[in-house]
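> Got a structure for you, written out below as structure tokens; questions coming shortly.
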Amino acid sequence: MELDIAGSALLRGDEVLKLRPKTLAVLVALIERQGEIVSQDELHRLVWGKRHGSDAGPKQCIRELRRLLGDSATAPRFIETVGRRGYRLTGRIETRCGLGARPRPETTRCVGRAAERAILAESAAAAYQGRHAMTLIAGEAGAGKTRLVEGFLADLSAHPAVWIARGQSISHPGAREPYGPLLEALSQLLAGPTGAPLSRLLPEVAPAWADQLPGAGRSLDAVGFEVDQRRPDPMPREFSTLMERLTQMAPGILVLEDLHWADASTLAWLSAWGLRRTEARLLVLGTYRCDELDRAGDLATTLRHLSRQPDTRVLTLGGLDAAAVADYLAGRFPGHRFPPRLAAALARRTEGHAILIEAVVDRWLTQGDIRQQEGHWALSEPVDTLVPAIAPDMQAFIEGDLVGRLDPPERALLEMASVAGPDFSALALADDRNGREAVERRLDHLARNRRFIERAGLAHHPDGSVTTRFAFRHALHHEALYAGIPAANRQGLHRRIGTRLEALYRNKAAEIAPALADHFERGADWPRAARYRGLSGLRALRRSAEQVAAAQLRQALDLHARCDDPDQPLQMAELQALLGLGAALIISEGFTTEELRSVYRRAGPLAARVGEPANTVPVLAGLWNDHISRAELDRAADLAQTLHQLAGDAPAPIAMAAQNAVGQTRFFTGAFTDCLPCIDTVLRLHATRVPDGTATLFGEEPGIVCRQYAACVSQILGREAEAETHLAAGTDLAGALDQPFGQAQMLWAGAVVARLRGDRALTGARAEALTALCRRAGIPYWLPAGIMLTGWARAMDGDPEGQALLDNGLAAYAEMNVRLTLPLGLALSAEVAARRGDAARGLPLLRRALAAARTTGERWYEAELHRLCAVLMDRAGRPDHARRALGRAQEIARRQGATAFEARAARAIAALS
């Protein structure tokens, strides 16, 4: 009896017995624990996880297995029931391995790492039990990180059911595509035996990832800026869920190499995975260069977060000691007769650096310093002659000795390959089929002779062609060859390789936009570099990787500045880059930064030249956001009116943005009833629109923006139930879109609505949730509001630290140049003073708030400012002044239609009488 895990079947002779996924997973769990008792609860946890499922599921699967195996519960040959304790696999079922490529024997010579391998084995055991195990291996370049991983994976022959997937980060500047290593790992799994179950799971639990993987979902539009606005960034959550579901079938190992070059999105997922507490039989192995951490700030932050997690281990590899070098020499040269002190001398001279030890031994072997004498390996020169001659600088050693041994055609080919990248195929190195075949033969010859490169699988290309992938055996080989190319030659090679790849991918070139941008930038082809760098940034923005997007789009704009006399398509690409950068800055830094203002000022004339409302409206909307946040309401009103005129019959996202600008301007100026037509229009358009990706360029989802201020309007108009409806709908939409910025907007609105009702507990709960979200997701704009409202709620409950929080929130907004809602913030502080009976502190605050309202025109809270003045004046023994202030509050509220404010003023008047 044999189990074919990849084929989900039991094999009995020529008979193939298909297994259901859950039944297969139960059998795999029993095989992993051969001879051990596995309880029903353990099976349910490992196979069904925390998802709802029948408690009888394990029993049903055991019955199916016994039927297929011809087994019996009373006289078991394979599966024994052990009382009420569980089940035990007693019969031997061979497993057909095939869930991941195993390392080749020549790549697994790993010495001096017994302790590290034991730790990796412990981590694997934790993963098999459903814990989120993670081990990160650190060391300098060439320390043996990859060799340790390969050696550990070779040990897994005892666990043939384990699947393995790998993702590689690359070092080319600007080419760090969001989630690149994770996409590479999924592509490998799809192309292997796990492809069938993974293909079934992707549309169900990870549709956003399916869209990014050719063959697993719909193809990407190479040049259009399209995104499903219903789920713009579910990718971190979906990938975690996908791993949890996939490892219910069989445990897995995800290897992420060179994390010091990883993009911020991959590192963010890694950090989130380490914090996740659901069960998954996945071991995440990561490698990184510890000497690169000072240039990899994102990784350093990720490591700090992960270091506090119980199932995360960090292994730092030092140099090999003399005993390890002795083991290496014994394994490579069995029965050698080297002098006993050779290992110690070699370890000392190379500082135990694994890659240098191997390179030195290779050199000695090639030069005849190590040779066979009388049937045994021996040195031809004394240790004291050989060891001092070792070059101390590894880079110089590779350049001067290893590269120097290549003949000119080999060196030229490998130099061209080094320009293509750390891994490559002949496709990038030749223009036609005959040329590719000839180049591939030469590369294969080098790989077979272990000369700098090795085979790394197959590459499938958009035109249906297949080529062998090659990779440099060591990063330093790649770097030395690249650095040795004369500058002008290197520039020309980048241009030619970029052109070849662009021609091959054609209308799917956006899929490799980061790599193309890098080649054309290094090749000084500024127009194409600018276009592809912009596409790369926009793709990052669609995945909600705002910081990555901003960095790429800034780089794109610098490249556009180098382009002389750009044509209209290039101007359009520049405008798209500007709008994308604006959207990324809004989410990551807020509405009032000087960079954001300069972005939209640069975009304005460009949009006028392009001359389409779809491009002009996002620019004006960005400028409107800047003015409204600074409480420059007159300018905001003018821009809102211009937006309204431009929108006309424009697509729904354009029209909604314009209506929101008009409606919010009216709200903050106190024209509450005039907001209602704008709200109705946006909600109607939102209900019928077809997502086309345009809304992404505004940095906000128009449906959420509308619900945010509509909730406040409804509360002020005395419509509490309607306000809650808006809050619930906006919160649900932000959750469905997985947009932290939108969730923050709705939490702000919820806290303000609760404050307007005077519900301190609800205000505090919502404000604390807002503060926590902003800190967790890195959203600076809404954080001060959360701190202020939290401080108000605590101070009103008598917490002495509440006032300090209020003051900190006000100071943070001032530092950000945000003046909108300043009257509200000052009023909150004055209300705390009133509670303490401190009119001397409270009245000056209210005078500042009223002066700000008169200066800026922000009058939505004006009635409440006068009512609070009355409270403080009454407590100061000035009842006549208090009555006049209440009359003013009632008059303003009645004029504005602010029913809730008017009723509150009327109650205060009655109480004062």
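We name chains A, B, ... following the order of the structure tokens; residues begin at 1 in each chain, and ligands are numbered from 1 as shown.
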Excluding A:Pro844 and residues on its chain fewer than 3 positions from it, collect all residues at most 12 Å away from it, counting only C-alpha atoms, and give them as a PDB file with all heavy atoms, in the first residue's frame.

```
ATOM      1  N   LEU A 826     -10.458  72.577  21.128  1.00  0.00           N
ATOM      2  CA  LEU A 826     -10.418  73.570  22.205  1.00  0.00           C
ATOM      3  C   LEU A 826     -11.649  73.464  23.095  1.00  0.00           C
ATOM      4  O   LEU A 826     -11.565  73.620  24.328  1.00  0.00           O
ATOM      5  CB  LEU A 826     -10.306  74.972  21.607  1.00  0.00           C
ATOM      6  CG  LEU A 826      -8.991  75.283  20.864  1.00  0.00           C
ATOM      7  CD1 LEU A 826      -9.104  76.591  20.099  1.00  0.00           C
ATOM      8  CD2 LEU A 826      -7.824  75.343  21.852  1.00  0.00           C
ATOM      9  N   ALA A 827     -12.806  73.170  22.485  1.00  0.00           N
ATOM     10  CA  ALA A 827     -14.038  73.030  23.258  1.00  0.00           C
ATOM     11  C   ALA A 827     -13.973  71.823  24.191  1.00  0.00           C
ATOM     12  O   ALA A 827     -14.461  71.869  25.323  1.00  0.00           O
ATOM     13  CB  ALA A 827     -15.237  72.905  22.322  1.00  0.00           C
ATOM     14  N   SER A 829     -11.321  70.655  25.616  1.00  0.00           N
ATOM     15  CA  SER A 829     -10.475  71.044  26.736  1.00  0.00           C
ATOM     16  C   SER A 829     -11.217  71.999  27.668  1.00  0.00           C
ATOM     17  O   SER A 829     -11.103  71.897  28.900  1.00  0.00           O
ATOM     18  CB  SER A 829      -9.194  71.687  26.204  1.00  0.00           C
ATOM     19  OG  SER A 829      -8.239  71.825  27.221  1.00  0.00           O
ATOM     20  N   ALA A 830     -12.015  72.914  27.099  1.00  0.00           N
ATOM     21  CA  ALA A 830     -12.789  73.846  27.914  1.00  0.00           C
ATOM     22  C   ALA A 830     -13.857  73.112  28.721  1.00  0.00           C
ATOM     23  O   ALA A 830     -14.151  73.474  29.867  1.00  0.00           O
ATOM     24  CB  ALA A 830     -13.438  74.901  27.017  1.00  0.00           C
ATOM     25  N   GLU A 831     -14.439  72.082  28.132  1.00  0.00           N
ATOM     26  CA  GLU A 831     -15.459  71.311  28.843  1.00  0.00           C
ATOM     27  C   GLU A 831     -14.863  70.599  30.050  1.00  0.00           C
ATOM     28  O   GLU A 831     -15.504  70.489  31.110  1.00  0.00           O
ATOM     29  CB  GLU A 831     -16.099  70.311  27.888  1.00  0.00           C
ATOM     30  CG  GLU A 831     -17.360  69.687  28.428  1.00  0.00           C
ATOM     31  CD  GLU A 831     -18.086  68.854  27.380  1.00  0.00           C
ATOM     32  OE1 GLU A 831     -17.591  68.745  26.246  1.00  0.00           O
ATOM     33  OE2 GLU A 831     -19.152  68.311  27.720  1.00  0.00           O
ATOM     34  N   ALA A 833     -12.345  71.751  31.720  1.00  0.00           N
ATOM     35  CA  ALA A 833     -12.156  72.831  32.689  1.00  0.00           C
ATOM     36  C   ALA A 833     -13.461  73.153  33.399  1.00  0.00           C
ATOM     37  O   ALA A 833     -13.486  73.413  34.617  1.00  0.00           O
ATOM     38  CB  ALA A 833     -11.600  74.066  31.982  1.00  0.00           C
ATOM     39  N   ALA A 834     -14.568  73.154  32.656  1.00  0.00           N
ATOM     40  CA  ALA A 834     -15.872  73.431  33.260  1.00  0.00           C
ATOM     41  C   ALA A 834     -16.224  72.369  34.293  1.00  0.00           C
ATOM     42  O   ALA A 834     -16.785  72.680  35.363  1.00  0.00           O
ATOM     43  CB  ALA A 834     -16.940  73.488  32.177  1.00  0.00           C
ATOM     44  N   ASP A 838     -13.150  75.371  36.585  1.00  0.00           N
ATOM     45  CA  ASP A 838     -12.012  76.249  36.314  1.00  0.00           C
ATOM     46  C   ASP A 838     -12.346  77.176  35.145  1.00  0.00           C
ATOM     47  O   ASP A 838     -11.890  76.994  34.014  1.00  0.00           O
ATOM     48  CB  ASP A 838     -10.777  75.400  35.995  1.00  0.00           C
ATOM     49  CG  ASP A 838      -9.500  76.237  35.921  1.00  0.00           C
ATOM     50  OD1 ASP A 838      -9.586  77.472  36.021  1.00  0.00           O
ATOM     51  OD2 ASP A 838      -8.410  75.629  35.743  1.00  0.00           O
ATOM     52  N   ALA A 839     -13.163  78.191  35.414  1.00  0.00           N
ATOM     53  CA  ALA A 839     -13.566  79.128  34.364  1.00  0.00           C
ATOM     54  C   ALA A 839     -12.366  79.923  33.860  1.00  0.00           C
ATOM     55  O   ALA A 839     -12.318  80.315  32.684  1.00  0.00           O
ATOM     56  CB  ALA A 839     -14.644  80.071  34.886  1.00  0.00           C
ATOM     57  N   ALA A 840     -11.400  80.173  34.707  1.00  0.00           N
ATOM     58  CA  ALA A 840     -10.230  80.967  34.291  1.00  0.00           C
ATOM     59  C   ALA A 840      -9.451  80.260  33.189  1.00  0.00           C
ATOM     60  O   ALA A 840      -8.819  80.923  32.360  1.00  0.00           O
ATOM     61  CB  ALA A 840      -9.325  81.204  35.500  1.00  0.00           C
ATOM     62  N   ARG A 841      -9.486  78.924  33.174  1.00  0.00           N
ATOM     63  CA  ARG A 841      -8.822  78.191  32.092  1.00  0.00           C
ATOM     64  C   ARG A 841      -9.757  77.986  30.913  1.00  0.00           C
ATOM     65  O   ARG A 841      -9.347  78.079  29.750  1.00  0.00           O
ATOM     66  CB  ARG A 841      -8.326  76.824  32.594  1.00  0.00           C
ATOM     67  CG  ARG A 841      -7.824  75.927  31.496  1.00  0.00           C
ATOM     68  CD  ARG A 841      -7.285  74.600  32.031  1.00  0.00           C
ATOM     69  NE  ARG A 841      -7.061  73.640  30.950  1.00  0.00           N
ATOM     70  CZ  ARG A 841      -6.000  73.630  30.175  1.00  0.00           C
ATOM     71  NH1 ARG A 841      -5.045  74.533  30.334  1.00  0.00           N
ATOM     72  NH2 ARG A 841      -5.861  72.714  29.218  1.00  0.00           N
ATOM     73  N   ARG A 847     -12.720  81.442  23.854  1.00  0.00           N
ATOM     74  CA  ARG A 847     -12.516  82.653  23.056  1.00  0.00           C
ATOM     75  C   ARG A 847     -11.611  82.345  21.857  1.00  0.00           C
ATOM     76  O   ARG A 847     -11.845  82.839  20.743  1.00  0.00           O
ATOM     77  CB  ARG A 847     -11.921  83.760  23.930  1.00  0.00           C
ATOM     78  CG  ARG A 847     -12.946  84.448  24.821  1.00  0.00           C
ATOM     79  CD  ARG A 847     -12.402  85.743  25.397  1.00  0.00           C
ATOM     80  NE  ARG A 847     -11.433  85.497  26.447  1.00  0.00           N
ATOM     81  CZ  ARG A 847     -11.724  85.326  27.733  1.00  0.00           C
ATOM     82  NH1 ARG A 847     -12.994  85.402  28.126  1.00  0.00           N
ATOM     83  NH2 ARG A 847     -10.777  85.135  28.619  1.00  0.00           N
ATOM     84  N   ARG A 848     -10.575  81.487  22.062  1.00  0.00           N
ATOM     85  CA  ARG A 848      -9.722  81.066  20.939  1.00  0.00           C
ATOM     86  C   ARG A 848     -10.526  80.286  19.900  1.00  0.00           C
ATOM     87  O   ARG A 848     -10.375  80.475  18.683  1.00  0.00           O
ATOM     88  CB  ARG A 848      -8.585  80.169  21.436  1.00  0.00           C
ATOM     89  CG  ARG A 848      -7.379  80.890  21.997  1.00  0.00           C
ATOM     90  CD  ARG A 848      -6.303  79.877  22.378  1.00  0.00           C
ATOM     91  NE  ARG A 848      -5.856  79.117  21.222  1.00  0.00           N
ATOM     92  CZ  ARG A 848      -5.177  77.969  21.310  1.00  0.00           C
ATOM     93  NH1 ARG A 848      -4.908  77.458  22.510  1.00  0.00           N
ATOM     94  NH2 ARG A 848      -4.791  77.343  20.218  1.00  0.00           N
ATOM     95  N   ALA A 849     -11.401  79.425  20.379  1.00  0.00           N
ATOM     96  CA  ALA A 849     -12.209  78.617  19.475  1.00  0.00           C
ATOM     97  C   ALA A 849     -13.151  79.483  18.658  1.00  0.00           C
ATOM     98  O   ALA A 849     -13.309  79.291  17.442  1.00  0.00           O
ATOM     99  CB  ALA A 849     -12.993  77.577  20.263  1.00  0.00           C
ATOM    100  N   LEU A 850     -13.803  80.460  19.298  1.00  0.00           N
ATOM    101  CA  LEU A 850     -14.721  81.346  18.581  1.00  0.00           C
ATOM    102  C   LEU A 850     -13.967  82.222  17.587  1.00  0.00           C
ATOM    103  O   LEU A 850     -14.458  82.485  16.471  1.00  0.00           O
ATOM    104  CB  LEU A 850     -15.501  82.197  19.574  1.00  0.00           C
ATOM    105  CG  LEU A 850     -16.581  81.444  20.366  1.00  0.00           C
ATOM    106  CD1 LEU A 850     -17.064  82.264  21.561  1.00  0.00           C
ATOM    107  CD2 LEU A 850     -17.760  81.106  19.447  1.00  0.00           C
ATOM    108  N   ALA A 851     -12.771  82.674  17.977  1.00  0.00           N
ATOM    109  CA  ALA A 851     -11.970  83.480  17.043  1.00  0.00           C
ATOM    110  C   ALA A 851     -11.580  82.650  15.826  1.00  0.00           C
ATOM    111  O   ALA A 851     -11.619  83.146  14.683  1.00  0.00           O
ATOM    112  CB  ALA A 851     -10.723  84.002  17.760  1.00  0.00           C
ATOM    113  N   LEU A 865     -20.072  76.007  21.092  1.00  0.00           N
ATOM    114  CA  LEU A 865     -19.083  76.879  21.719  1.00  0.00           C
ATOM    115  C   LEU A 865     -19.772  77.916  22.610  1.00  0.00           C
ATOM    116  O   LEU A 865     -19.329  78.168  23.751  1.00  0.00           O
ATOM    117  CB  LEU A 865     -18.231  77.570  20.658  1.00  0.00           C
ATOM    118  CG  LEU A 865     -17.362  76.664  19.778  1.00  0.00           C
ATOM    119  CD1 LEU A 865     -16.624  77.503  18.730  1.00  0.00           C
ATOM    120  CD2 LEU A 865     -16.350  75.879  20.613  1.00  0.00           C
ATOM    121  N   LEU A 868     -21.189  76.226  25.787  1.00  0.00           N
ATOM    122  CA  LEU A 868     -20.154  75.972  26.782  1.00  0.00           C
ATOM    123  C   LEU A 868     -19.693  77.265  27.455  1.00  0.00           C
ATOM    124  O   LEU A 868     -19.357  77.262  28.649  1.00  0.00           O
ATOM    125  CB  LEU A 868     -18.964  75.271  26.120  1.00  0.00           C
ATOM    126  CG  LEU A 868     -19.199  73.812  25.729  1.00  0.00           C
ATOM    127  CD1 LEU A 868     -18.045  73.288  24.881  1.00  0.00           C
ATOM    128  CD2 LEU A 868     -19.352  72.948  26.977  1.00  0.00           C
ATOM    129  N   CYS A 869     -19.700  78.375  26.699  1.00  0.00           N
ATOM    130  CA  CYS A 869     -19.396  79.675  27.313  1.00  0.00           C
ATOM    131  C   CYS A 869     -20.397  79.972  28.429  1.00  0.00           C
ATOM    132  O   CYS A 869     -20.033  80.445  29.513  1.00  0.00           O
ATOM    133  CB  CYS A 869     -19.455  80.792  26.268  1.00  0.00           C
ATOM    134  SG  CYS A 869     -17.977  80.908  25.245  1.00  0.00           S
ATOM    135  N   LEU A 872     -19.601  77.970  31.628  1.00  0.00           N
ATOM    136  CA  LEU A 872     -18.483  78.507  32.384  1.00  0.00           C
ATOM    137  C   LEU A 872     -18.820  79.853  33.024  1.00  0.00           C
ATOM    138  O   LEU A 872     -18.419  80.139  34.161  1.00  0.00           O
ATOM    139  CB  LEU A 872     -17.261  78.640  31.474  1.00  0.00           C
ATOM    140  CG  LEU A 872     -16.550  77.319  31.151  1.00  0.00           C
ATOM    141  CD1 LEU A 872     -15.643  77.463  29.947  1.00  0.00           C
ATOM    142  CD2 LEU A 872     -15.748  76.852  32.358  1.00  0.00           C
ATOM    143  N   MET A 873     -19.574  80.694  32.303  1.00  0.00           N
ATOM    144  CA  MET A 873     -19.956  81.996  32.880  1.00  0.00           C
ATOM    145  C   MET A 873     -20.882  81.820  34.071  1.00  0.00           C
ATOM    146  O   MET A 873     -20.772  82.541  35.076  1.00  0.00           O
ATOM    147  CB  MET A 873     -20.623  82.852  31.806  1.00  0.00           C
ATOM    148  CG  MET A 873     -19.649  83.365  30.756  1.00  0.00           C
ATOM    149  SD  MET A 873     -20.476  84.268  29.429  1.00  0.00           S
ATOM    150  CE  MET A 873     -19.076  84.756  28.431  1.00  0.00           C
TER     151      MET A 873
END
```
> Quick one: residues within 12 Å of A:Asp738, only C-alpha atoms counted, chain neighbours fewer than 2 positions away excluded, as a ChimeraX atom specification?
/A:208,229-238,543-544,701,731-736,740-744,777
> Could you give me, as a PyMOL selection string, each residue of stretch 127-176 of chain A that DSSP assigns to alpha helix (DSSP H) when run on this structure's backbone?
chain A and resi 127-128+145-154
> Residues of stretch 447-498 of chain A within 12 Å of stretch 146-165 of chain A: nearest atom pair and distance (Å, one decimal) for each, counting only C-alpha atoms, sorted by chain and number, as a tab-separated table?

```
residue	atom	partner	partner_atom	distance
A:Arg473	CA	A:Thr146	CA	10.2
A:His474	CA	A:Thr146	CA	9.6
A:Ala475	CA	A:Thr146	CA	11.0
```
> Separation of atom CA of A:Leu570 and atom CA of A:Phe698, in Å?
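Atom CA of A:Leu570 sits 21.0 Å away from atom CA of A:Phe698.
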> Can you list, as a PyMOL selection string, every protein, DNA or RNA residue that comes within 8 Å of stretch 67-79 of chain A when you count only C-alpha atoms, leaving out same-chain residues fewer than 2 positions away?
chain A and resi 17+63-65+81+87-92
> With a distance cut-off of 10 Å and only C-alpha atoms, select the neighbouring residues of A:Leu676, excluding the residue or stretch itself and same-chain residues fewer than 5 positions from it, and output the selection as number ranges by chain.
A: 663, 666-667, 671, 681, 710, 713-714
> Would you put the residues from that selection into a file with all heavy atoms, as a JSON list (two decimals), in the first residue's frame?

```json
[["chain", "number", "residue", "atom", "x", "y", "z"],
["A", 663, "GLY", "N", -20.25, 68.70, -0.33],
["A", 663, "GLY", "CA", -21.00, 68.40, 0.88],
["A", 663, "GLY", "C", -20.20, 68.62, 2.14],
["A", 663, "GLY", "O", -20.70, 69.18, 3.13],
["A", 666, "ARG", "N", -19.81, 72.31, 2.93],
["A", 666, "ARG", "CA", -21.04, 72.83, 3.53],
["A", 666, "ARG", "C", -21.18, 72.39, 4.98],
["A", 666, "ARG", "O", -21.63, 73.16, 5.84],
["A", 666, "ARG", "CB", -22.25, 72.35, 2.71],
["A", 666, "ARG", "CG", -22.34, 72.99, 1.33],
["A", 666, "ARG", "CD", -23.44, 72.37, 0.50],
["A", 666, "ARG", "NE", -23.54, 73.00, -0.82],
["A", 666, "ARG", "CZ", -24.35, 72.58, -1.79],
["A", 666, "ARG", "NH1", -25.13, 71.51, -1.60],
["A", 666, "ARG", "NH2", -24.38, 73.21, -2.95],
["A", 667, "PHE", "N", -20.81, 71.16, 5.27],
["A", 667, "PHE", "CA", -20.90, 70.66, 6.64],
["A", 667, "PHE", "C", -20.05, 71.50, 7.58],
["A", 667, "PHE", "O", -20.52, 71.97, 8.63],
["A", 667, "PHE", "CB", -20.47, 69.20, 6.71],
["A", 667, "PHE", "CG", -20.20, 68.70, 8.10],
["A", 667, "PHE", "CD1", -21.23, 68.52, 9.00],
["A", 667, "PHE", "CD2", -18.90, 68.44, 8.52],
["A", 667, "PHE", "CE1", -20.98, 68.07, 10.30],
["A", 667, "PHE", "CE2", -18.64, 67.99, 9.81],
["A", 667, "PHE", "CZ", -19.70, 67.81, 10.70],
["A", 671, "ALA", "N", -23.71, 74.58, 7.13],
["A", 671, "ALA", "CA", -24.91, 74.48, 6.28],
["A", 671, "ALA", "C", -25.36, 73.03, 6.23],
["A", 671, "ALA", "O", -25.24, 72.35, 5.21],
["A", 671, "ALA", "CB", -24.60, 75.02, 4.89],
["A", 681, "THR", "N", -26.86, 61.97, -3.43],
["A", 681, "THR", "CA", -26.29, 61.72, -4.76],
["A", 681, "THR", "C", -25.14, 60.71, -4.69],
["A", 681, "THR", "O", -25.06, 59.77, -5.49],
["A", 681, "THR", "CB", -25.78, 63.03, -5.37],
["A", 681, "THR", "OG1", -26.88, 63.94, -5.51],
["A", 681, "THR", "CG2", -25.17, 62.79, -6.74],
["A", 710, "ALA", "N", -21.74, 62.07, 6.75],
["A", 710, "ALA", "CA", -23.20, 61.94, 6.81],
["A", 710, "ALA", "C", -23.65, 61.54, 8.21],
["A", 710, "ALA", "O", -24.70, 61.97, 8.69],
["A", 710, "ALA", "CB", -23.68, 60.91, 5.79],
["A", 713, "VAL", "N", -23.63, 64.74, 10.26],
["A", 713, "VAL", "CA", -24.76, 65.60, 9.86],
["A", 713, "VAL", "C", -26.05, 65.07, 10.46],
["A", 713, "VAL", "O", -26.85, 65.84, 11.05],
["A", 713, "VAL", "CB", -24.86, 65.66, 8.32],
["A", 713, "VAL", "CG1", -26.15, 66.35, 7.90],
["A", 713, "VAL", "CG2", -23.65, 66.39, 7.74],
["A", 714, "SER", "N", -26.29, 63.77, 10.34],
["A", 714, "SER", "CA", -27.53, 63.20, 10.85],
["A", 714, "SER", "C", -27.65, 63.39, 12.36],
["A", 714, "SER", "O", -28.74, 63.71, 12.87],
["A", 714, "SER", "CB", -27.60, 61.71, 10.50],
["A", 714, "SER", "OG", -27.61, 61.52, 9.11]]
```
> For stretch 328-335 of chain A, work out the shell of residues within 9 Å, counting only C-alpha atoms and skipping chain neighbours fewer than 5 positions away, then give it as a list in words.
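So the residues in contact are Arg109, Cys110, Val111, Gly112, Ala323, Ala343, Val361, His376 and Trp377 of chain A.
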> Export, as a compact mmCIF listing (two decimals), in the first residue's frame, the selected residues with all heavy atoms.

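See again.txt below for the written result:
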```txt
# COMPACT_ATOMS: atom_id res chain seq x y z
N ARG A 109 26.28 19.76 1.89
CA ARG A 109 27.43 19.56 2.76
C ARG A 109 27.46 20.70 3.78
O ARG A 109 27.96 21.78 3.52
CB ARG A 109 28.72 19.52 1.95
CG ARG A 109 29.94 19.09 2.77
CD ARG A 109 31.21 19.17 1.95
NE ARG A 109 31.20 18.24 0.84
CZ ARG A 109 31.28 18.60 -0.43
NH1 ARG A 109 31.33 19.88 -0.74
NH2 ARG A 109 31.28 17.71 -1.39
N CYS A 110 26.88 20.45 4.93
CA CYS A 110 26.73 21.48 5.96
C CYS A 110 27.45 20.99 7.21
O CYS A 110 27.03 20.01 7.83
CB CYS A 110 25.26 21.73 6.24
SG CYS A 110 24.95 22.96 7.51
N VAL A 111 28.51 21.66 7.60
CA VAL A 111 29.31 21.21 8.73
C VAL A 111 29.31 22.29 9.81
O VAL A 111 29.09 23.47 9.54
CB VAL A 111 30.77 20.90 8.31
CG1 VAL A 111 30.80 19.76 7.33
CG2 VAL A 111 31.43 22.15 7.71
N GLY A 112 29.55 21.85 11.05
CA GLY A 112 29.68 22.79 12.15
C GLY A 112 28.39 23.46 12.56
O GLY A 112 28.43 24.47 13.28
N ALA A 323 37.17 22.49 14.17
CA ALA A 323 36.53 21.17 14.08
C ALA A 323 35.60 21.10 12.88
O ALA A 323 35.54 20.08 12.17
CB ALA A 323 35.77 20.87 15.38
N ALA A 343 43.34 22.28 9.23
CA ALA A 343 41.98 22.78 9.49
C ALA A 343 42.02 24.03 10.37
O ALA A 343 41.35 25.02 10.08
CB ALA A 343 41.13 21.69 10.14
N VAL A 361 39.71 26.13 -1.08
CA VAL A 361 39.95 24.71 -1.33
C VAL A 361 39.80 24.41 -2.82
O VAL A 361 40.58 23.62 -3.40
CB VAL A 361 39.00 23.86 -0.47
CG1 VAL A 361 39.06 22.39 -0.88
CG2 VAL A 361 39.35 24.01 1.00
N HIS A 376 45.70 8.53 -1.86
CA HIS A 376 45.14 9.36 -0.79
C HIS A 376 45.30 10.84 -1.15
O HIS A 376 46.28 11.22 -1.81
CB HIS A 376 45.85 9.08 0.55
CG HIS A 376 45.69 7.68 1.03
ND1 HIS A 376 44.56 7.22 1.64
CD2 HIS A 376 46.55 6.62 0.97
CE1 HIS A 376 44.71 5.94 1.95
NE2 HIS A 376 45.91 5.54 1.55
N TRP A 377 44.36 11.65 -0.67
CA TRP A 377 44.47 13.08 -0.88
C TRP A 377 45.53 13.65 0.04
O TRP A 377 45.57 13.33 1.23
CB TRP A 377 43.13 13.78 -0.61
CG TRP A 377 42.06 13.45 -1.60
CD1 TRP A 377 41.02 12.61 -1.45
CD2 TRP A 377 41.95 13.99 -2.92
NE1 TRP A 377 40.25 12.56 -2.58
CE2 TRP A 377 40.80 13.41 -3.51
CE3 TRP A 377 42.71 14.88 -3.68
CZ2 TRP A 377 40.39 13.69 -4.81
CZ3 TRP A 377 42.30 15.17 -4.97
CH2 TRP A 377 41.15 14.59 -5.53
```
> Excluding A:Met656 and residues on its chain fewer than 3 positions from it, collect all residues at most 12 Å away from it, counting only C-alpha atoms, and give them as a VMD selection string.
chain A and resid 617 to 618 621 640 643 to 644 646 to 653 659 to 664 678 to 689 694 to 695 698 700 to 706
> Do you know which residues are at most 7 Å from stretch 624-637 of chain A counting only C-alpha atoms, after dropping those on the same chain fewer than 2 positions away, and could you put them as a list in words?
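Result of the neighbour search: Phe591, Thr592, Arg597, Leu620, Ala621, Gly622, Leu639, Ala640, Gln641, Thr665, Asn817, Val818, Arg819, Leu820, Thr856, Gly857 and Glu858 of chain A.
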> Taking only C-alpha atoms into account, produce a table as a tab-separated table in which each residue of stretch 500-567 of chain A with an atom at most 12 Å from an atom of stretch 600-607 of chain A appears once, together with its shortest atom pair and the distance in Å to one decimal, ordered by chain and rising number.

```
residue	atom	partner	partner_atom	distance
A:Leu557	CA	A:Arg602	CA	10.5
A:Ala561	CA	A:Arg602	CA	11.5
A:Pro566	CA	A:Leu606	CA	11.5
A:Asp567	CA	A:Leu606	CA	12.0
```
> Which is closest to A:Ala344 among A:Asp384, A:Asp431, A:Asp558, A:Asp211, if we use only C-alpha atoms?
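Of the candidates, the smallest distance to A:Ala344 is held by A:Asp384.
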